[in-house]
Every structure is written in structure tokens, then in C-alpha cells.
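A.B. asks: Sharing upload-v8.cif below, mmCIF, C-alpha atoms and all ligand atoms:
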data_final
#
loop_
_atom_site.label_atom_id
_atom_site.label_comp_id
_atom_site.auth_asym_id
_atom_site.auth_seq_id
_atom_site.Cartn_x
_atom_site.Cartn_y
_atom_site.Cartn_z
CA MET V 51 -17.85 -5.94 -45.26
CA ASP V 52 -16.07 -6.75 -41.99
CA THR V 53 -18.02 -6.01 -38.84
CA PHE V 54 -17.78 -5.32 -35.10
CA ALA V 55 -20.12 -4.71 -32.19
CA PHE V 56 -19.61 -2.70 -29.04
CA ILE V 57 -21.43 -3.11 -25.74
CA ILE V 58 -22.46 0.07 -23.97
CA HIS V 59 -24.48 0.46 -20.77
CA PRO V 60 -26.14 3.24 -18.77
CA ILE V 61 -23.60 5.08 -16.62
CA ASP V 62 -25.63 8.04 -15.42
CA PRO V 63 -28.94 6.13 -15.18
CA LYS V 64 -31.50 8.92 -15.80
CA ARG V 65 -29.50 10.71 -18.51
CA ASP V 66 -28.53 7.55 -20.40
CA VAL V 67 -31.90 5.81 -20.21
CA SER V 68 -33.47 9.07 -21.54
CA ARG V 69 -31.23 8.81 -24.61
CA LYS V 70 -33.06 5.66 -25.69
CA TYR V 71 -36.38 5.93 -23.78
CA PRO V 72 -37.12 9.64 -23.05
CA ILE V 73 -40.34 8.99 -21.12
CA LEU V 74 -38.93 6.21 -18.90
CA GLY V 75 -35.84 8.34 -18.22
CA ARG V 76 -38.05 11.18 -17.06
CA LEU V 77 -40.46 9.14 -14.94
CA LEU V 78 -38.24 6.63 -13.16
CA THR V 79 -35.89 7.40 -10.27
CA GLU V 80 -32.26 6.22 -10.35
CA ARG V 81 -33.06 3.46 -7.87
CA GLN V 82 -36.04 2.29 -9.96
CA ILE V 83 -33.86 2.22 -13.09
CA ASP V 84 -31.27 0.18 -11.17
CA PHE V 85 -33.97 -2.23 -10.04
CA PHE V 86 -35.74 -2.67 -13.41
CA SER V 87 -32.42 -3.01 -15.26
CA THR V 88 -32.02 -6.41 -13.60
CA PHE V 89 -34.94 -7.80 -15.60
CA PHE V 90 -34.36 -5.94 -18.85
CA PRO V 91 -32.97 -7.89 -21.83
CA PRO V 92 -30.04 -6.59 -23.94
CA VAL V 93 -31.14 -3.65 -26.08
CA TYR V 94 -30.24 -3.11 -29.74
CA ILE V 95 -29.16 0.52 -30.00
CA SER V 96 -27.94 1.39 -33.50
CA GLU V 97 -25.95 0.61 -36.61
CA ILE V 98 -22.59 2.34 -37.07
CA ASP V 99 -21.43 3.21 -40.57
CA GLY V 100 -19.04 5.44 -42.50
CA ILE V 101 -15.81 4.35 -40.79
CA THR V 102 -13.07 4.36 -43.43
CA SER V 103 -9.39 3.57 -42.90
CA GLN V 104 -7.05 6.37 -43.93
CA ALA V 105 -4.40 3.79 -44.73
CA THR V 106 -6.30 1.26 -46.81
CA GLY V 107 -9.70 2.82 -47.62
CA LYS V 108 -11.34 -0.24 -46.05
CA GLN V 109 -14.75 0.35 -44.50
CA VAL V 110 -16.27 -1.55 -41.60
CA GLN V 111 -19.76 -1.69 -40.23
CA GLY V 112 -20.74 -2.01 -36.57
CA TRP V 113 -23.49 -2.02 -33.99
CA PHE V 114 -24.02 -0.66 -30.51
CA ILE V 115 -25.82 -3.03 -28.18
CA ALA V 116 -26.64 -2.12 -24.59
CA CYS V 117 -26.29 -4.26 -21.53
CA PRO V 118 -28.96 -2.71 -19.31
CA TYR V 119 -27.04 -2.75 -16.01
CA THR V 120 -25.74 0.42 -14.38
CA PRO V 121 -22.27 0.42 -12.71
CA ARG V 122 -23.85 0.25 -9.26
CA ARG V 123 -25.95 -2.74 -10.31
CA MET V 124 -22.88 -4.53 -11.68
CA LEU V 125 -21.14 -4.11 -8.32
CA GLU V 126 -24.21 -5.17 -6.29
CA LEU V 127 -25.25 -8.27 -8.23
CA PRO V 128 -23.38 -11.58 -8.01
CA GLU V 129 -20.58 -11.74 -10.59
CA ARG V 130 -22.18 -14.76 -12.30
CA THR V 131 -25.43 -12.84 -12.87
CA VAL V 132 -23.55 -9.94 -14.44
CA TYR V 133 -21.49 -12.25 -16.66
CA ARG V 134 -24.70 -13.93 -17.81
CA LYS V 135 -26.23 -10.64 -18.92
CA ILE V 136 -23.06 -9.51 -20.72
CA ILE V 137 -22.77 -12.90 -22.45
CA GLU V 138 -26.42 -12.64 -23.49
CA THR V 139 -25.58 -9.22 -24.97
CA GLY V 140 -22.60 -10.81 -26.73
CA HIS V 141 -24.90 -13.46 -28.26
CA ALA V 142 -27.06 -10.63 -29.63
CA ALA V 143 -23.89 -9.25 -31.28
CA GLU V 144 -23.17 -12.67 -32.79
CA LYS V 145 -26.70 -12.85 -34.22
CA LEU V 146 -26.20 -9.47 -35.89
CA GLY V 147 -23.13 -10.89 -37.61
CA ALA V 148 -20.40 -9.09 -35.64
CA GLN V 149 -16.92 -10.59 -36.11
CA ILE V 150 -15.44 -8.99 -32.98
CA LEU V 151 -16.94 -7.59 -29.78
CA GLY V 152 -15.76 -4.67 -27.63
CA LEU V 153 -16.70 -4.34 -23.96
CA GLY V 154 -17.50 -0.76 -22.91
CA ALA V 155 -16.96 0.87 -19.50
CA PHE V 156 -17.98 -1.40 -16.58
CA THR V 157 -18.61 -4.46 -18.76
CA SER V 158 -14.80 -4.59 -19.03
CA VAL V 159 -14.22 -3.95 -15.31
CA VAL V 160 -16.38 -6.70 -13.92
CA GLY V 161 -14.69 -9.88 -12.59
CA ASP V 162 -11.76 -11.07 -14.69
CA ALA V 163 -11.98 -8.26 -17.29
CA GLY V 164 -13.43 -10.14 -20.25
CA VAL V 165 -11.82 -13.59 -19.89
CA THR V 166 -14.98 -15.46 -18.82
CA ILE V 167 -17.09 -13.54 -21.33
CA ALA V 168 -14.70 -14.33 -24.20
CA SER V 169 -14.65 -18.01 -23.32
CA ALA V 170 -18.46 -18.18 -23.51
CA LEU V 171 -18.75 -16.53 -26.94
CA ASP V 172 -17.89 -17.72 -30.44
CA ILE V 173 -16.57 -14.33 -31.57
CA PRO V 174 -13.35 -12.73 -30.27
CA VAL V 175 -13.55 -10.10 -27.56
CA THR V 176 -11.52 -7.09 -26.46
CA THR V 177 -11.98 -4.71 -23.55
CA GLY V 178 -10.44 -1.89 -25.59
CA ASP V 179 -8.32 -0.98 -22.58
CA SER V 180 -4.93 -1.08 -24.36
CA TYR V 181 -5.86 1.86 -26.56
CA THR V 182 -7.59 3.61 -23.62
CA VAL V 183 -4.21 3.50 -21.85
CA ALA V 184 -2.29 4.74 -24.90
CA ILE V 185 -4.66 7.69 -25.37
CA ALA V 186 -4.85 8.59 -21.66
CA VAL V 187 -1.07 8.80 -21.38
CA GLN V 188 -0.84 10.71 -24.68
CA ALA V 189 -3.49 13.16 -23.37
CA ILE V 190 -1.69 13.86 -20.12
CA ARG V 191 1.61 14.41 -21.97
CA GLU V 192 -0.11 16.85 -24.34
CA ALA V 193 -1.90 18.65 -21.49
CA ALA V 194 1.42 19.02 -19.63
CA ARG V 195 2.95 20.60 -22.73
CA LEU V 196 0.04 23.06 -23.06
CA MET V 197 0.27 23.98 -19.37
CA ASP V 198 4.10 24.43 -19.56
CA ILE V 199 4.77 21.60 -17.12
CA PRO V 200 8.12 19.99 -18.01
CA LEU V 201 7.42 16.25 -17.78
CA ASN V 202 10.90 15.26 -16.67
CA GLN V 203 10.69 17.60 -13.65
CA ALA V 204 7.05 16.92 -12.78
CA THR V 205 5.40 14.99 -9.97
CA ALA V 206 2.55 12.84 -11.26
CA ALA V 207 -0.04 10.74 -9.43
CA VAL V 208 -2.12 7.82 -10.61
CA VAL V 209 -5.33 7.31 -8.61
CA GLY V 210 -6.59 3.72 -8.91
CA ALA V 211 -3.00 2.66 -9.56
CA THR V 212 -3.65 -0.97 -8.62
CA GLY V 213 -6.33 -1.35 -11.32
CA SER V 214 -5.84 -2.82 -14.78
CA ILE V 215 -5.76 0.55 -16.54
CA GLY V 216 -4.11 2.41 -13.64
CA SER V 217 -1.13 0.07 -13.26
CA ILE V 218 -0.07 0.16 -16.91
CA CYS V 219 -0.58 3.95 -17.05
CA ALA V 220 1.73 4.16 -14.02
CA GLU V 221 4.26 1.94 -15.78
CA LEU V 222 4.32 4.25 -18.81
CA LEU V 223 4.40 7.49 -16.78
CA ALA V 224 7.30 6.16 -14.68
CA ASP V 225 9.45 6.60 -17.81
CA ASP V 226 8.47 10.26 -18.23
CA VAL V 227 8.24 12.06 -14.90
CA ALA V 228 10.55 12.87 -11.98
CA GLU V 229 8.27 11.60 -9.21
CA LEU V 230 5.29 9.29 -9.33
CA ILE V 231 2.77 8.72 -6.54
CA LEU V 232 0.78 5.49 -6.76
CA ILE V 233 -2.56 5.98 -4.99
CA GLY V 234 -4.94 3.14 -4.16
CA ARG V 235 -6.71 1.41 -1.30
CA ARG V 236 -4.43 -1.57 -0.65
CA GLU V 237 -0.95 -0.74 0.62
CA ASP V 238 0.51 -4.21 -0.03
CA VAL V 239 -0.60 -4.21 -3.69
CA LEU V 240 0.68 -0.64 -4.14
CA GLU V 241 4.07 -1.61 -2.70
CA ALA V 242 4.33 -4.63 -4.97
CA LEU V 243 3.58 -2.40 -7.95
CA ARG V 244 6.16 0.16 -6.83
CA ASP V 245 8.80 -2.59 -6.51
CA ARG V 246 8.00 -3.84 -9.99
CA LEU V 247 8.10 -0.39 -11.62
CA GLN V 248 11.05 1.30 -9.99
CA GLY V 249 14.49 1.12 -11.52
CA PRO V 250 17.35 3.14 -12.99
CA GLY V 251 16.24 5.99 -15.24
CA LYS V 252 12.68 5.83 -13.85
CA ALA V 253 10.74 8.24 -11.64
CA VAL V 254 11.13 8.15 -7.87
CA ILE V 255 8.04 6.15 -6.92
CA THR V 256 6.07 6.43 -3.68
CA THR V 257 2.74 4.93 -2.59
CA SER V 258 -0.25 6.27 -0.70
CA THR V 259 -3.69 5.13 0.41
CA HIS V 260 -4.88 8.75 0.78
CA VAL V 261 -6.35 10.49 -2.25
CA ASP V 262 -5.45 13.80 -0.53
CA ASP V 263 -1.84 13.14 -1.56
CA ILE V 264 -2.72 14.28 -5.08
CA ALA V 265 -2.05 17.74 -3.59
CA ARG V 266 1.66 17.00 -4.14
CA ALA V 267 1.23 16.33 -7.88
CA ARG V 268 0.77 18.62 -10.88
CA LEU V 269 -0.22 15.80 -13.22
CA ILE V 270 -2.97 13.44 -12.08
CA LEU V 271 -4.38 10.52 -13.99
CA THR V 272 -7.41 9.09 -12.27
CA VAL V 273 -9.01 5.78 -13.21
CA THR V 274 -10.78 4.14 -10.29
CA SER V 275 -13.88 1.97 -10.55
CA ALA V 276 -15.58 3.90 -7.74
CA VAL V 277 -19.24 4.67 -8.40
CA HIS V 278 -18.93 8.00 -6.60
CA GLU V 279 -16.57 10.97 -6.99
CA VAL V 280 -13.16 10.64 -5.35
CA ILE V 281 -11.45 13.93 -6.33
CA HIS V 282 -12.66 17.22 -4.87
CA PRO V 283 -11.63 20.87 -5.42
CA GLU V 284 -9.78 21.37 -2.12
CA GLN V 285 -7.38 18.48 -2.86
CA LEU V 286 -5.80 20.06 -5.93
CA GLN V 287 -2.90 22.47 -6.22
CA PRO V 288 -3.16 25.45 -8.61
CA GLY V 289 -2.01 24.72 -12.14
CA SER V 290 -2.56 20.98 -11.93
CA VAL V 291 -3.88 18.86 -14.76
CA VAL V 292 -6.31 16.02 -14.06
CA CYS V 293 -7.04 13.44 -16.74
CA ASP V 294 -10.20 11.58 -15.71
CA VAL V 295 -10.42 8.22 -17.47
CA ALA V 296 -13.00 6.72 -15.12
CA ARG V 297 -16.65 6.21 -16.13
CA PRO V 298 -18.52 7.15 -13.98
CA ARG V 299 -16.21 10.11 -13.42
CA ASP V 300 -13.80 10.33 -10.51
CA VAL V 301 -13.58 14.13 -10.51
CA SER V 302 -16.34 16.08 -8.79
CA VAL V 303 -18.19 18.52 -11.03
CA MET V 304 -17.43 21.06 -8.26
CA VAL V 305 -13.83 21.19 -9.52
CA ALA V 306 -15.05 22.71 -12.78
CA ALA V 307 -17.47 24.98 -10.92
CA THR V 308 -15.05 26.37 -8.34
CA ARG V 309 -11.48 26.05 -9.63
CA ASN V 310 -10.55 28.11 -12.68
CA ASP V 311 -6.86 27.39 -12.05
CA ILE V 312 -7.05 23.66 -12.83
CA LEU V 313 -7.33 21.82 -16.14
CA VAL V 314 -9.60 18.77 -15.97
CA ILE V 315 -9.75 16.72 -19.14
CA ASP V 316 -11.84 13.68 -20.01
CA GLY V 317 -9.54 10.79 -20.85
CA GLY V 318 -10.08 8.60 -23.84
CA MET V 319 -11.70 10.59 -26.66
CA VAL V 320 -10.45 10.08 -30.22
CA ASP V 321 -11.29 11.26 -33.75
CA VAL V 322 -12.61 8.46 -35.96
CA PRO V 323 -11.47 8.24 -39.61
CA GLY V 324 -14.16 8.58 -42.28
CA PRO V 325 -17.68 10.06 -42.23
CA VAL V 326 -18.75 7.94 -39.26
CA ASP V 327 -22.36 7.98 -38.10
CA PHE V 328 -23.10 6.17 -34.83
CA HIS V 329 -26.85 6.82 -35.19
CA PHE V 330 -26.88 7.26 -31.42
CA ASN V 331 -25.87 10.10 -29.13
CA PHE V 332 -23.60 8.71 -26.42
CA GLY V 333 -22.53 12.18 -25.35
CA PHE V 334 -19.65 12.97 -27.74
CA PRO V 335 -19.66 15.40 -30.69
CA PRO V 336 -20.04 13.84 -34.16
CA GLY V 337 -17.02 11.93 -35.45
CA LYS V 338 -15.57 11.14 -32.02
CA ALA V 339 -15.46 7.93 -30.01
CA TYR V 340 -14.05 6.46 -26.82
CA ALA V 341 -10.62 4.92 -27.26
CA CYS V 342 -11.98 1.52 -26.19
CA MET V 343 -14.48 1.67 -29.09
CA ALA V 344 -11.62 2.71 -31.39
CA GLU V 345 -9.57 -0.35 -30.38
CA THR V 346 -12.44 -2.62 -31.43
CA ILE V 347 -12.83 -0.75 -34.73
CA THR V 348 -9.09 -0.84 -35.43
CA LEU V 349 -9.04 -4.61 -34.97
CA ALA V 350 -11.92 -4.90 -37.47
CA LEU V 351 -10.10 -2.59 -39.93
CA GLU V 352 -6.97 -4.75 -39.54
CA GLY V 353 -8.96 -7.97 -39.96
CA ARG V 354 -7.48 -9.08 -36.61
CA PHE V 355 -10.40 -11.18 -35.43
CA GLU V 356 -8.79 -12.50 -32.25
CA ASP V 357 -9.14 -11.87 -28.51
CA TYR V 358 -6.97 -8.81 -27.94
CA THR V 359 -7.03 -7.06 -24.54
CA LEU V 360 -8.38 -9.44 -21.92
CA GLY V 361 -7.68 -9.87 -18.21
CA LYS V 362 -6.46 -7.55 -15.51
CA ARG V 363 -2.81 -7.41 -16.64
CA ILE V 364 -2.52 -5.21 -19.76
CA SER V 365 0.75 -5.60 -21.65
CA ARG V 366 2.89 -2.67 -22.68
CA GLN V 367 3.54 -4.38 -26.01
CA ARG V 368 -0.22 -4.45 -26.77
CA VAL V 369 -0.58 -0.76 -25.80
CA GLU V 370 2.21 0.18 -28.20
CA GLU V 371 0.93 -2.08 -30.98
CA ILE V 372 -2.68 -0.86 -30.87
CA ALA V 373 -1.49 2.78 -30.69
CA ALA V 374 0.53 2.25 -33.89
CA LEU V 375 -2.28 0.36 -35.69
CA SER V 376 -4.94 2.91 -34.71
CA ALA V 377 -2.72 5.80 -35.81
CA LYS V 378 -2.14 4.03 -39.14
CA HIS V 379 -5.89 3.79 -39.78
CA GLY V 380 -6.37 7.46 -38.87
CA PHE V 381 -7.53 7.55 -35.23
CA ARG V 382 -6.15 10.60 -33.39
CA LEU V 383 -6.24 12.00 -29.87
CA SER V 384 -9.11 14.45 -30.05
CA GLY V 385 -9.24 18.00 -28.79
CA PHE V 386 -9.74 18.13 -25.03
CA ARG V 387 -13.14 17.96 -23.40
CA SER V 388 -14.05 18.63 -19.81
CA PHE V 389 -17.37 17.61 -18.27
CA GLU V 390 -18.93 17.11 -21.73
CA ARG V 391 -17.75 20.48 -23.13
CA ALA V 392 -14.91 21.28 -25.51
CA VAL V 393 -11.88 22.93 -23.89
CA THR V 394 -10.79 25.90 -26.01
CA ASP V 395 -7.26 27.33 -26.34
CA GLN V 396 -8.62 30.45 -24.67
CA GLN V 397 -9.77 28.44 -21.62
CA ILE V 398 -6.37 26.79 -21.33
CA GLU V 399 -4.78 30.27 -21.42
CA ILE V 400 -7.14 31.45 -18.64
CA VAL V 401 -6.31 28.40 -16.49
CA ARG V 402 -2.58 29.01 -17.03
CA ARG V 403 -2.90 32.65 -16.04
CA ASN V 404 -5.04 31.93 -12.95
CA ALA V 405 -2.73 29.12 -11.89
CA HIS V 406 0.27 31.41 -12.21
CA GLN V 407 -1.42 34.04 -10.03
CA SER V 408 -2.56 31.51 -7.40
CA ARG V 409 0.92 29.99 -7.19
CA ARG V 410 2.54 33.42 -6.80
CA SER V 411 0.14 34.52 -4.05
CA ARG V 412 0.67 31.31 -2.00
N1 LIG E 501 -12.69 6.19 -20.75
C1 LIG E 501 -12.70 4.98 -21.32
O1 LIG E 501 -12.69 4.83 -22.52
C2 LIG E 501 -12.70 3.77 -20.43
C3 LIG E 501 -12.45 2.51 -20.96
C4 LIG E 501 -12.43 1.41 -20.10
C5 LIG E 501 -12.65 1.58 -18.74
N2 LIG E 501 -12.91 2.84 -18.27
C6 LIG E 501 -13.13 3.11 -16.85
O2 LIG E 501 -11.91 3.00 -16.14
C7 LIG E 501 -12.19 2.72 -14.76
C8 LIG E 501 -11.25 1.64 -14.23
O3 LIG E 501 -11.30 0.48 -15.03
P1 LIG E 501 -10.32 -0.77 -14.71
O4 LIG E 501 -10.64 -1.81 -15.73
O5 LIG E 501 -8.89 -0.32 -14.57
O6 LIG E 501 -10.88 -1.24 -13.28
P2 LIG E 501 -10.18 -2.12 -12.14
O7 LIG E 501 -9.14 -3.01 -12.74
O8 LIG E 501 -11.27 -2.75 -11.37
O9 LIG E 501 -9.42 -1.05 -11.23
C9 LIG E 501 -10.11 -0.11 -10.48
C10 LIG E 501 -9.20 0.59 -9.49
O10 LIG E 501 -10.00 1.53 -8.76
C11 LIG E 501 -9.79 1.34 -7.37
N3 LIG E 501 -11.01 1.70 -6.64
C12 LIG E 501 -12.21 1.10 -6.71
N4 LIG E 501 -13.10 1.71 -5.91
C13 LIG E 501 -12.43 2.74 -5.32
C14 LIG E 501 -12.78 3.75 -4.39
N5 LIG E 501 -14.03 3.81 -3.89
N6 LIG E 501 -11.85 4.66 -4.03
C15 LIG E 501 -10.59 4.60 -4.54
N7 LIG E 501 -10.19 3.65 -5.42
C16 LIG E 501 -11.10 2.74 -5.80
C17 LIG E 501 -9.44 -0.13 -7.25
O11 LIG E 501 -8.76 -0.32 -6.03
P3 LIG E 501 -8.63 -1.78 -5.34
O12 LIG E 501 -7.46 -2.42 -6.04
O13 LIG E 501 -8.38 -1.49 -3.92
O14 LIG E 501 -9.94 -2.49 -5.60
C18 LIG E 501 -8.55 -0.31 -8.48
O15 LIG E 501 -7.25 0.20 -8.24
C19 LIG E 501 -13.69 2.38 -14.71
O16 LIG E 501 -14.38 3.53 -14.27
C20 LIG E 501 -14.05 2.13 -16.18
O17 LIG E 501 -15.41 2.38 -16.46
C21 LIG E 501 -12.92 3.92 -19.09
#
What's the C-alpha cells form of this structure?

C.D. replies:
Amino acid sequence: MDTFAFIIHPIDPKRDVSRKYPILGRLLTERQIDFFSTFFPPVYISEIDGITSQATGKQVQGWFIACPYTPRRMLELPERTVYRKIIETGHAAEKLGAQILGLGAFTSVVGDAGVTIASALDIPVTTGDSYTVAIAVQAIREAARLMDIPLNQATAAVVGATGSIGSICAELLADDVAELILIGRREDVLEALRDRLQGPGKAVITTSTHVDDIARARLILTVTSAVHEVIHPEQLQPGSVVCDVARPRDVSVMVAATRNDILVIDGGMVDVPGPVDFHFNFGFPPGKAYACMAETITLALEGRFEDYTLGKRISRQRVEEIAALSAKHGFRLSGFRSFERAVTDQQIEIVRRNAHQSRRSR
């Protein structure tokens, strides 16, 4: 049977360490977990089985392996040290017999986005980011439809637009919407991106280094690598949709607590074909995975054992190809979730109604 492995790592240190080591998760503080993670070896997490292609009936087997670093630790430590630990985790995947390796969350953000890691391993590597992009853009289009926001008249914003995921999401959204605001920290890089993306038949594109400018947008896709929240309730206009692709999250939990006129959706969740069992709770309901995991699985189902998405510049052609291949094997955009809970049709109706009222009383 063909095989894959996927590297995960703790994102919310106490919660995620508790999933594997309940007592340590309870006793240690976040700072202690950060500190001890430096000395921890890669951790075998679980075997993944049951994945079955809808197109071919082929089954693949996989493994989760954890790189012990938290996002904060990966930003604090020298790049070489972080690479070394991820490569060590990759070697553990090789020993298990994996034929391809996916890099989850921050292990794909660090440094050159997988290039150095791939060159140090014998098996091919993908960050999974091409399918993450395809699903994030699909999710925001679907959320706009449910919220009655006509895409071709809408103003959208991408927060973290200079990043690898953000810039290609912006490129795709520029085809759909009337106005697009590119938000980031470096004006010169934002301007270069705007110049590359603008053209006839595209959105009117502007740039900003102030996250507050999301107030002008109804559709917001946020995908920064910040380790703290960057989007807060007071910055959002009624009736807006925020698709949060970042892990850790960009959107403050206060948005869910205080704004019932805004739809926040988690970016990147898909249904997996076949009776999949991950034998590990990474926070999703049964049968669902992150899009970046799905990209790795699709490549195994296709028998495409080659480096796929690597480096900071993601190609549109790869996004379209992996979207088509994943759809063929039966991966689908999942129902929406927000802050780890399913979003029901009834909730969307309530948000629409509240948004309508807030907009009328402004
Ligand atoms: N949901 C999923 O399945 C999935 C899959 C893969 C990755 N991710 C997540 O996606 C996020 C981005 O990944 P990436 O590979 O695109 O990273 P990246 O290439 O490093 O880009 C990150 C972007 O965030 C910006 N940024 C960083 N810190 C910021 C801050 N404090 N305030 C505002 N902007 C800030 C950066 O701006 P500068 O250019 O100024 O540095 C850059 O534009 C990460 O959270 C990652 O974990 C999610």
C-alpha cells in the first residue's frame, strides 16, 4: 500500500500537549512547554487508515509525527536549529516507510518554506499550501454566497497579503471582486504585489499597512504568521465574512463572543474520502482534515511521489491542479466551522438578520 506522513506540532501549547500527554499538559505552563520542547525528540503520534479514493478505490496508509516546537519557539530559535528538528522528524517518517511527507502549520512557514527540508530528506516533501489556498478561496466564495454578498461588487481584503499563502489568495480573489485591499507590514512589498496583480478585468487594488482598514471590506481572508491575534471586534463592519486560515488564529475569540453580525469561518477544513481514522484528535470532527493534510494524501493517492508545493512562491497552476486532483479523489470543502464549532444554517441566518439590522441602523 502507498504511504504518506504528515508533521504536526503543538499550536496552543497547553491544549495540544494535553492531547498526547494529559498530565504534562495540565502541570506545565506555556513557557515551560516552550522551553522543554527545545530538548524533546520528534514524537510518533498515530497511524492513519481508511482513506479510500472515490475515483479509483485505492487506499493509502499514513502517520502523524509531531515536531515538538510551538510557533513561538520556531520564531525564537535560530532557523538552522528549527530546520534540524523538522529534518529529524522527517527522518522518523522515512523510517516508518512514508513515501511522501507533508509539513503542517508552522513547519511549512519557517525559513524557505520546505526547500531546505526537502533537500535534506530522501522522500519528497510538500507544504500542502496549494490546496490550502484552493480551499480558502473556495470557502470565502461560498460564504459570500450564503451571506448574499455579490462577489463582483464586493470589497475584499487579504491580511498577510505578502506571505506565501496570502499573495496567491490575493491573486485569485483579484479575478472575482470589485475592490481588493492588500494588507501587510511592508509597504514596498505590498506595492510590488499590487503592481504584479492589477490589470484589465481585475479588481481595483489598494495597499495598506493598517489592519484597521479591514473595516472597508465585507470579505476578509486572513493568513498572517503572527503568534498573537491581529483582528479584533471593533475593526469589522456588520455583515462581514472573515475566513481565518492562520494557525495560530488571527481572529480574536472576542469577535465570536461579542459580534453576532459577523461570520467568522476557519479556513482549510475538508471532508476526507473513505472511512478514515486518524487515531488522534487534532481538534476536527471525525472524517475531516486540514487542506494541507489533504494535499499530501492526494499526492499519495495519485502516486505522485515528488516534491510538490515548496518555497514561498506558490503557483496558480499547482493550486488549480491539486484542487482538480483532490476533487477527483473525493475531497470536498467541509461545512463551515468557527472557533472549533460547526456553523449551522440557522446561525448563518441569525448573522444575516443581525447584520441587516446593524447596517440599517447605522
Ligand atoms: N489552515 C491550514 O491548513 C494552514 C496550512 C498552512 C499554513 N497555515 C498557516 O498560514 C499562516 C501563514 O502561512 P504562510 O506560509 O503564508 O506564512 P508566510 O509566508 O511567512 O507569510 C506570513 C505573512 O504574515 C505577515 N505577518 C507576520 N507577522 C505579522 C504580524 N504580527 N502582523 C501582521 N502581519 C504579520 C507577514 O508579513 P511580512 O511579509 O511583513 O513578514 C506575511 O505577509 C500561518 O499561520 C500558518 O500556520 C495554515

A.B. asks: Can you work out the spacing between CA of Ile61 in chain V and CA of Thr120 in chain V in Å, to one decimal?

C.D. replies: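 Separation of CA of Ile61 in chain V and CA of Thr120 in chain V: 5.6 Å.
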
A.B. asks: Hey, which of V:Leu247, V:Val261, V:Ile372, V:Val175 ends up closest to ligand LIG 501 (chain E)? Count only C-alpha atoms and all ligand atoms.

C.D. replies: V:Val261

A.B. asks: Which polymer residues have any atom within 8 Å of an atom of Val93 in chain V, counting all atoms listed in the file, with same-chain residues fewer than 4 positions away left out, as a PyMOL selection string?

C.D. replies: chain V and resi 115-118+139

A.B. asks: Contacts of Ala105 in chain V at 9 Å or less, counting all atoms listed in the file, minus same-chain residues fewer than 3 places along, as a list of chain:residue names?

C.D. replies: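 Contacts, with the query itself left out: V:Thr102, V:Lys108, V:Lys378, V:His379, V:Gly380.
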
A.B. asks: Those selected residues, please, written with C-alpha atoms and delivered as a compact mmCIF listing (two decimals), in the coordinates of the input.

C.D. replies:
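Output file result.txt follows:
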# COMPACT_ATOMS: atom_id res chain seq x y z
CA THR V 102 -13.07 4.36 -43.43
CA LYS V 108 -11.34 -0.24 -46.05
CA LYS V 378 -2.14 4.03 -39.14
CA HIS V 379 -5.89 3.79 -39.78
CA GLY V 380 -6.37 7.46 -38.87

A.B. asks: List as a Markdown table every residue of range 254-364 of chain V that is in contact with range 178-189 of chain V, defined as an atom at most 9 Å from one of its atoms (using all atoms listed in the file), together with the nearest atom pair and the distance in Å rounded to one decimal, sorted by chain and then rising number.

C.D. replies:
| residue | atom | partner | partner_atom | distance |
| --- | --- | --- | --- | --- |
| V:Leu271 | CA | V:Ala186 | CA | 7.9 |
| V:Cys293 | CA | V:Ala186 | CA | 7.2 |
| V:Asp294 | CA | V:Ala186 | CA | 8.5 |
| V:Val295 | CA | V:Ala186 | CA | 7.0 |
| V:Ile315 | CA | V:Ala189 | CA | 8.4 |
| V:Asp316 | CA | V:Ala186 | CA | 8.8 |
| V:Gly317 | CA | V:Ala186 | CA | 5.2 |
| V:Gly318 | CA | V:Thr182 | CA | 5.6 |
| V:Met319 | CA | V:Ile185 | CA | 7.7 |
| V:Val320 | CA | V:Ile185 | CA | 7.9 |
| V:Tyr340 | CA | V:Thr182 | CA | 7.8 |
| V:Ala341 | CA | V:Thr182 | CA | 4.9 |
| V:Cys342 | CA | V:Gly178 | CA | 3.8 |
| V:Met343 | CA | V:Gly178 | CA | 6.4 |
| V:Ala344 | CA | V:Gly178 | CA | 7.5 |
| V:Glu345 | CA | V:Gly178 | CA | 5.1 |
| V:Thr346 | CA | V:Gly178 | CA | 6.2 |
| V:Tyr358 | CA | V:Gly178 | CA | 8.1 |
| V:Thr359 | CA | V:Gly178 | CA | 6.3 |
| V:Leu360 | CA | V:Asp179 | CA | 8.5 |
| V:Ile364 | CA | V:Ser180 | CA | 6.6 |
